[in-house]
Amino acid sequence: MFSHRTDWRLIPNALTRAIEEARASGQKILDLTISNPTEAGVRPDPEIVLAALANPEAMHYDPQPRGLLQARQAVCRYYRESHEVFDLDPERLILTTSTSEAYSYVFRLLSNPGDEILVPKPSYPLFEFLADLADVKLVPYPLLYDHGWQIDVDSLYKAATAQSRAVILVHPNNPTGSYVSAAETSVLNAFCGDYGLALIVDEVFLDYAHDGVLRGSFVSNAEALTFTLSGASKISALPQMKLAWVATSGPEEMVREAGARLEIIADTFLSMNAPVQLAAPVLLDQRKQIQPILLDRLRENLAELDRQLASHPSCTRLQVEGGWYAVLRVPVLGTDEDLAIDLVRRTGVIVHPGHFYDFAGEGHLVLSLITDPEDFHEGVARLLQVVGA
Ligand SMILES: Cc1ncc(COP(=O)(O)O)c(C=O)c1O
């Protein structure tokens, strides 16, 4: 009855079951995996946001496949003001309801069934489902950790085949928090040139550099055909508004053709709604209030983690440059999943095991740094009593 591409495991995994049991038992739960800012007590101004959504112009339907011009202009303004990109033409943008939708458009644009997309490992777990739905195969290329993360270029070259269509970059990566360096960008552009590949760059966490130093956006990358994905879900901590985009850059002729094809994909669905598009300038402007608050919280939680780790030398934190997560290296006594289950049962603390993100070995736990600082403090203390003993 059903397609092979939806042959997913439909029953909750052992960790999800353990979390449900812990919640049902009435135990105090400290969830250190929260990545939904609306559940972490960090919210843009409700009055301003809700007023912007009540624009009477939204009663008129103007079906624009690339998205309403004023919304795309607001995205250009974001790049101009926050990333010093002064020449982004709104014609190079297609609005989508989420970066997930943007991925699916780009996968559909580039790949035939069975084609391959190179993905970093470890990285964001949703890629697997997005790839299944687009009938493409993910081929991992490793990120190596040695006083910071870097792309294993030799392995990247070895991973390329005649079926490869694109390389995904997550800038900065989830959960390693590593940005793609300028040297890596040159290598990647050359690699794409050698193999005729496109770059798909996920920049949802671009603005969250912990050191406050501006990192360059790939929207200006002109050497290879590049699709840069981002949106208000992380930029303005407004995931519920469903405002995202894909920006195309690269050799002019390819950009023009990619844009024309993407426009037809977008026109087929016309998934953007009018209120959100009309509110886009206000929604994106909310970043100016919310990002400093979030950055303070990320830094505060990271400092608290380091403070507590100082008395638990068996555990260490891996270096992180940006984003909303920290990776903890812990002694390996079993699988990370068993450890996460044991933690929730014994302490009520929820963390993500490294294997959710496809870490190469055991001994990695992932913590969300946007967690409420009191919960974070207590959760880390409980966690270290178990894993740091
Ligand atoms: C790397 C990465 N990309 C994309 C997303 C989701 O973004 P959106 O809400 O726009 O689909 C997430 C969500 O956590 C993410 O971690």
# chains A, B, ... in the order shown; residues from 1 in each chain; ligands from 1
call {"tool": "residues_around", "arguments": {"residues": "region 292-302 of chain A", "least_positions_apart": "3", "cutoff": "12 Å", "atoms": "only C-alpha atoms", "output": "PyMOL selection string"}}
result
chain A and resi 32+35+37-38+40-44+177+205+207-212+234-237+286-289+305-309+317-328+367-380
call {"tool": "write_last_selection", "arguments": {"atoms": "C-alpha atoms", "output": "compact mmCIF listing (two decimals), in the first residue's frame"}}
result
# COMPACT_ATOMS: atom_id res chain seq x y z
CA LEU A 32 18.63 20.10 28.11
CA SER A 35 15.80 23.98 20.71
CA PRO A 37 12.99 29.20 21.58
CA THR A 38 9.29 29.69 22.28
CA ALA A 40 12.83 28.38 26.39
CA GLY A 41 11.33 31.63 27.64
CA VAL A 42 12.96 33.75 24.93
CA ARG A 43 10.36 35.60 22.89
CA PRO A 44 10.28 38.57 20.55
CA GLY A 177 29.11 24.74 16.30
CA PHE A 205 22.70 29.76 13.02
CA ASP A 207 24.28 35.12 13.49
CA TYR A 208 25.10 33.24 16.69
CA ALA A 209 28.91 33.52 16.77
CA HIS A 210 29.82 33.25 20.45
CA ASP A 211 32.78 35.62 20.07
CA GLY A 212 30.56 38.23 18.41
CA LYS A 234 16.58 31.00 14.31
CA ILE A 235 17.41 34.54 13.11
CA SER A 236 14.48 36.05 15.04
CA ALA A 237 13.61 33.06 17.24
CA GLN A 286 12.94 41.43 15.82
CA ARG A 287 16.42 39.90 15.61
CA LYS A 288 17.84 43.18 16.87
CA GLN A 289 16.11 42.66 20.22
CA LEU A 305 29.11 24.30 31.87
CA ASP A 306 32.84 25.06 31.95
CA ARG A 307 32.67 26.09 35.60
CA GLN A 308 31.08 22.77 36.57
CA LEU A 309 33.35 20.74 34.28
CA ARG A 317 33.52 20.19 26.32
CA LEU A 318 34.48 20.29 22.66
CA GLN A 319 35.35 23.66 21.19
CA VAL A 320 32.40 25.56 19.78
CA GLU A 321 32.37 28.75 17.68
CA GLY A 322 28.67 29.41 17.24
CA GLY A 323 25.13 28.08 17.29
CA TRP A 324 22.87 26.83 20.04
CA TYR A 325 24.57 23.59 21.14
CA ALA A 326 27.52 22.26 23.10
CA VAL A 327 29.06 18.81 22.74
CA LEU A 328 30.24 17.04 25.86
CA LEU A 367 23.23 19.96 25.21
CA SER A 368 21.13 22.90 24.10
CA LEU A 369 22.58 26.22 25.23
CA ILE A 370 19.26 28.06 24.93
CA THR A 371 17.91 26.15 27.93
CA ASP A 372 16.67 28.31 30.82
CA PRO A 373 19.87 29.05 32.83
CA GLU A 374 18.47 27.72 36.14
CA ASP A 375 17.45 24.44 34.54
CA PHE A 376 20.78 24.29 32.73
CA HIS A 377 22.73 24.79 35.95
CA GLU A 378 20.80 22.09 37.82
CA GLY A 379 20.63 19.73 34.84
CA VAL A 380 24.39 19.86 34.26
call {"tool": "residues_near_ligand", "arguments": {"ligand": "ligand 1", "cutoff": "6 Å", "atoms": "only C-alpha atoms and all ligand atoms", "output": "ChimeraX atom specification"}}
result
/A:98-100,124,174,202,204,231,233,239,244
call {"tool": "select_by_dssp", "arguments": {"residues": "region 83-209 of chain A", "states": "strand (DSSP E or B)", "output": "ChimeraX atom specification"}}
result
/A:93-96,116-121,137-145,149-151,164-170,198-202,209
call {"tool": "residues_around", "arguments": {"residues": "Ser186 (chain A)", "least_positions_apart": "4", "cutoff": "12 Å", "atoms": "only C-alpha atoms", "output": "VMD selection string"}}
result
chain A and resid 153 180 to 182 190 to 193 218 221 to 224
call {"tool": "residues_around", "arguments": {"residues": "Val349 (chain A)", "least_positions_apart": "6", "cutoff": "10 Å", "atoms": "only C-alpha atoms", "output": "ChimeraX atom specification"}}
result
/A:19,22,28-33,340-343,375-376,378-383
call {"tool": "write_last_selection", "arguments": {"atoms": "C-alpha atoms", "output": "CSV table (one decimal), in the first residue's frame"}}
result
chain,number,residue,atom,x,y,z
A,19,ILE,CA,11.3,10.2,28.6
A,22,ALA,CA,9.8,9.8,33.4
A,28,LYS,CA,11.0,16.7,37.8
A,29,ILE,CA,12.3,16.8,34.3
A,30,LEU,CA,15.2,19.0,33.2
A,31,ASP,CA,15.2,19.1,29.4
A,32,LEU,CA,18.6,20.1,28.1
A,33,THR,CA,17.6,19.5,24.5
A,340,ALA,CA,20.9,9.1,27.8
A,341,ILE,CA,18.2,6.6,28.9
A,342,ASP,CA,20.0,5.9,32.2
A,343,LEU,CA,20.3,9.7,32.8
A,375,ASP,CA,17.5,24.4,34.5
A,376,PHE,CA,20.8,24.3,32.7
A,378,GLU,CA,20.8,22.1,37.8
A,379,GLY,CA,20.6,19.7,34.8
A,380,VAL,CA,24.4,19.9,34.3
A,381,ALA,CA,25.0,19.3,38.0
A,382,ARG,CA,22.8,16.2,38.0
A,383,LEU,CA,24.3,15.0,34.7
call {"tool": "atom_distance", "arguments": {"atom1": "CA of Tyr357 (chain A)", "atom2": "CA of His83 (chain A)"}}
result
28.6 Å
call {"tool": "residues_around", "arguments": {"residues": "Glu57 (chain A)", "least_positions_apart": "6", "cutoff": "9 Å", "atoms": "only C-alpha atoms", "output": "ChimeraX atom specification"}}
result
/A:274-275,278
call {"tool": "closest_residue", "arguments": {"among": "A:Ala389, A:Asp338, A:Ala260, A:Leu214", "to": "Glu81 (chain A)", "atoms": "only C-alpha atoms"}}
result
A:Leu214
call {"tool": "residues_around", "arguments": {"residues": "Val219 (chain A)", "least_positions_apart": "6", "cutoff": "10 Å", "atoms": "only C-alpha atoms", "output": "short mmCIF file (atom, residue, chain, number, x, y, z; two decimals) with C-alpha atoms, in the first residue's frame"}}
result
data_model
loop_
_atom_site.label_atom_id
_atom_site.label_comp_id
_atom_site.auth_asym_id
_atom_site.auth_seq_id
_atom_site.Cartn_x
_atom_site.Cartn_y
_atom_site.Cartn_z
CA TYR A 79 21.93 40.66 4.68
CA HIS A 83 26.25 40.73 6.97
CA VAL A 85 26.12 42.08 1.70
CA ASP A 87 24.42 43.55 -3.74
CA LEU A 88 21.87 40.81 -3.08
CA ARG A 92 17.92 35.71 -6.42
CA LEU A 93 15.60 34.81 -3.52
CA VAL A 201 24.61 25.97 2.62
CA GLU A 203 23.07 29.28 7.61
CA THR A 226 25.43 27.96 -4.33
CA PHE A 227 22.08 27.71 -2.58
CA THR A 228 22.08 29.48 0.78
CA LEU A 229 19.24 28.59 3.15
CA VAL A 246 16.84 30.07 -0.48
CA ALA A 247 19.27 32.53 -2.09
CA THR A 248 21.05 31.46 -5.28
CA SER A 249 24.53 32.66 -6.21
CA GLY A 250 27.35 31.58 -8.53
#
call {"tool": "residues_around", "arguments": {"residues": "region 108-121 of chain A", "least_positions_apart": "6", "cutoff": "7 Å", "atoms": "only C-alpha atoms", "output": "ChimeraX atom specification"}}
result
/A:134-143,163-169,262,358-359
call {"tool": "write_last_selection", "arguments": {"atoms": "N, CA and C atoms", "output": "PDB file, in the first residue's frame"}}
result
ATOM      1  N   ALA A 134      12.954  13.019  -1.135  1.00  0.00           N
ATOM      2  CA  ALA A 134      13.355  13.490  -2.465  1.00  0.00           C
ATOM      3  C   ALA A 134      13.999  12.363  -3.277  1.00  0.00           C
ATOM      4  N   ASP A 135      13.994  11.127  -2.724  1.00  0.00           N
ATOM      5  CA  ASP A 135      14.596   9.960  -3.403  1.00  0.00           C
ATOM      6  C   ASP A 135      16.086  10.157  -3.689  1.00  0.00           C
ATOM      7  N   VAL A 136      16.761  10.873  -2.817  1.00  0.00           N
ATOM      8  CA  VAL A 136      18.209  11.008  -3.004  1.00  0.00           C
ATOM      9  C   VAL A 136      18.927  10.269  -1.888  1.00  0.00           C
ATOM     10  N   LYS A 137      20.184   9.936  -2.177  1.00  0.00           N
ATOM     11  CA  LYS A 137      20.975   9.175  -1.208  1.00  0.00           C
ATOM     12  C   LYS A 137      21.974  10.122  -0.549  1.00  0.00           C
ATOM     13  N   LEU A 138      22.057  10.049   0.768  1.00  0.00           N
ATOM     14  CA  LEU A 138      23.043  10.886   1.461  1.00  0.00           C
ATOM     15  C   LEU A 138      24.353  10.115   1.578  1.00  0.00           C
ATOM     16  N   VAL A 139      25.441  10.780   1.240  1.00  0.00           N
ATOM     17  CA  VAL A 139      26.761  10.166   1.403  1.00  0.00           C
ATOM     18  C   VAL A 139      27.537  11.051   2.375  1.00  0.00           C
ATOM     19  N   PRO A 140      27.862  10.517   3.560  1.00  0.00           N
ATOM     20  CA  PRO A 140      28.508  11.368   4.552  1.00  0.00           C
ATOM     21  C   PRO A 140      29.977  11.653   4.232  1.00  0.00           C
ATOM     22  N   TYR A 141      30.414  12.856   4.573  1.00  0.00           N
ATOM     23  CA  TYR A 141      31.845  13.159   4.592  1.00  0.00           C
ATOM     24  C   TYR A 141      32.164  13.644   6.010  1.00  0.00           C
ATOM     25  N   PRO A 142      33.281  13.157   6.578  1.00  0.00           N
ATOM     26  CA  PRO A 142      33.502  13.421   8.002  1.00  0.00           C
ATOM     27  C   PRO A 142      34.032  14.814   8.309  1.00  0.00           C
ATOM     28  N   LEU A 143      33.633  15.293   9.474  1.00  0.00           N
ATOM     29  CA  LEU A 143      34.291  16.446  10.098  1.00  0.00           C
ATOM     30  C   LEU A 143      35.190  15.837  11.175  1.00  0.00           C
ATOM     31  N   GLN A 163      27.449   9.976  -9.362  1.00  0.00           N
ATOM     32  CA  GLN A 163      26.053  10.299  -8.982  1.00  0.00           C
ATOM     33  C   GLN A 163      25.971  11.541  -8.074  1.00  0.00           C
ATOM     34  N   SER A 164      27.123  12.049  -7.620  1.00  0.00           N
ATOM     35  CA  SER A 164      27.075  13.181  -6.679  1.00  0.00           C
ATOM     36  C   SER A 164      26.514  14.413  -7.377  1.00  0.00           C
ATOM     37  N   ARG A 165      25.656  15.146  -6.667  1.00  0.00           N
ATOM     38  CA  ARG A 165      25.059  16.364  -7.226  1.00  0.00           C
ATOM     39  C   ARG A 165      25.400  17.623  -6.428  1.00  0.00           C
ATOM     40  N   ALA A 166      25.591  17.461  -5.125  1.00  0.00           N
ATOM     41  CA  ALA A 166      25.779  18.666  -4.304  1.00  0.00           C
ATOM     42  C   ALA A 166      26.466  18.301  -2.993  1.00  0.00           C
ATOM     43  N   VAL A 167      27.018  19.329  -2.362  1.00  0.00           N
ATOM     44  CA  VAL A 167      27.626  19.187  -1.032  1.00  0.00           C
ATOM     45  C   VAL A 167      26.836  20.072  -0.082  1.00  0.00           C
ATOM     46  N   ILE A 168      26.379  19.504   1.019  1.00  0.00           N
ATOM     47  CA  ILE A 168      25.717  20.315   2.045  1.00  0.00           C
ATOM     48  C   ILE A 168      26.764  20.813   3.030  1.00  0.00           C
ATOM     49  N   LEU A 169      26.652  22.105   3.358  1.00  0.00           N
ATOM     50  CA  LEU A 169      27.473  22.687   4.433  1.00  0.00           C
ATOM     51  C   LEU A 169      26.497  23.271   5.448  1.00  0.00           C
ATOM     52  N   LEU A 262      13.540  26.934 -10.071  1.00  0.00           N
ATOM     53  CA  LEU A 262      13.029  27.000  -8.686  1.00  0.00           C
ATOM     54  C   LEU A 262      11.692  27.741  -8.639  1.00  0.00           C
ATOM     55  N   ASP A 358      24.974  11.309  14.388  1.00  0.00           N
ATOM     56  CA  ASP A 358      25.913  10.499  13.627  1.00  0.00           C
ATOM     57  C   ASP A 358      27.379  10.788  13.972  1.00  0.00           C
ATOM     58  N   PHE A 359      27.677  10.967  15.254  1.00  0.00           N
ATOM     59  CA  PHE A 359      29.091  11.092  15.655  1.00  0.00           C
ATOM     60  C   PHE A 359      29.799   9.776  15.332  1.00  0.00           C
TER      61      PHE A 359
END
call {"tool": "closest_residue", "arguments": {"among": "A:Leu95, A:Ala24, A:Ala74, A:Val351", "to": "Leu270 (chain A)", "atoms": "only C-alpha atoms"}}
result
A:Leu95
call {"tool": "select_by_dssp", "arguments": {"residues": "region 19-195 of chain A", "states": "helix (DSSP H, G or I)", "output": "PyMOL selection string"}}
result
chain A and resi 19-24+37-39+46-53+56-59+69-83+90-92+99-110+127-133+153-159+182-195
call {"tool": "closest_residue", "arguments": {"among": "A:Gly148, A:Gly67, A:Pro46, A:Pro175", "to": "Gly354 (chain A)", "atoms": "only C-alpha atoms"}}
result
A:Pro175
call {"tool": "atom_distance", "arguments": {"atom1": "CA of Tyr145 (chain A)", "atom2": "CA of Pro122 (chain A)"}}
result
10.6 Å
call {"tool": "atom_distance", "arguments": {"atom1": "CA of Thr176 (chain A)", "atom2": "CA of Ile200 (chain A)"}}
result
18.0 Å
call {"tool": "decode", "arguments": {"residues": "region 45-60 of chain A", "atoms": "N, CA and C atoms", "output": "short mmCIF file (atom, residue, chain, number, x, y, z; two decimals), in the first residue's frame"}}
result
data_model
loop_
_atom_site.label_atom_id
_atom_site.label_comp_id
_atom_site.auth_asym_id
_atom_site.auth_seq_id
_atom_site.Cartn_x
_atom_site.Cartn_y
_atom_site.Cartn_z
N ASP A 45 8.92 40.53 20.96
CA ASP A 45 7.81 41.30 21.52
C ASP A 45 6.46 40.87 20.92
N PRO A 46 5.55 40.26 21.72
CA PRO A 46 4.29 39.74 21.15
C PRO A 46 3.44 40.84 20.53
N GLU A 47 3.41 42.02 21.15
CA GLU A 47 2.53 43.08 20.60
C GLU A 47 2.98 43.49 19.20
N ILE A 48 4.29 43.69 19.07
CA ILE A 48 4.82 44.13 17.76
C ILE A 48 4.59 43.06 16.71
N VAL A 49 4.88 41.81 17.07
CA VAL A 49 4.77 40.71 16.11
C VAL A 49 3.30 40.52 15.70
N LEU A 50 2.41 40.48 16.67
CA LEU A 50 1.00 40.21 16.35
C LEU A 50 0.38 41.37 15.58
N ALA A 51 0.79 42.61 15.90
CA ALA A 51 0.25 43.76 15.16
C ALA A 51 0.69 43.67 13.69
N ALA A 52 1.92 43.26 13.46
CA ALA A 52 2.41 43.18 12.08
C ALA A 52 1.65 42.13 11.27
N LEU A 53 1.13 41.11 11.96
CA LEU A 53 0.41 40.05 11.24
C LEU A 53 -1.02 40.47 10.88
N ALA A 54 -1.48 41.57 11.46
CA ALA A 54 -2.88 41.99 11.24
C ALA A 54 -2.99 43.06 10.15
N ASN A 55 -2.16 42.94 9.11
CA ASN A 55 -2.15 43.92 8.04
C ASN A 55 -3.35 43.70 7.10
N PRO A 56 -4.23 44.73 6.93
CA PRO A 56 -5.41 44.55 6.07
C PRO A 56 -5.06 44.15 4.64
N GLU A 57 -3.86 44.49 4.19
CA GLU A 57 -3.45 44.10 2.82
C GLU A 57 -3.48 42.59 2.62
N ALA A 58 -3.43 41.85 3.73
CA ALA A 58 -3.41 40.39 3.64
C ALA A 58 -4.74 39.83 3.11
N MET A 59 -5.76 40.67 3.01
CA MET A 59 -7.04 40.20 2.46
C MET A 59 -6.98 40.10 0.93
N HIS A 60 -5.90 40.64 0.34
CA HIS A 60 -5.73 40.54 -1.11
C HIS A 60 -4.76 39.40 -1.41
#
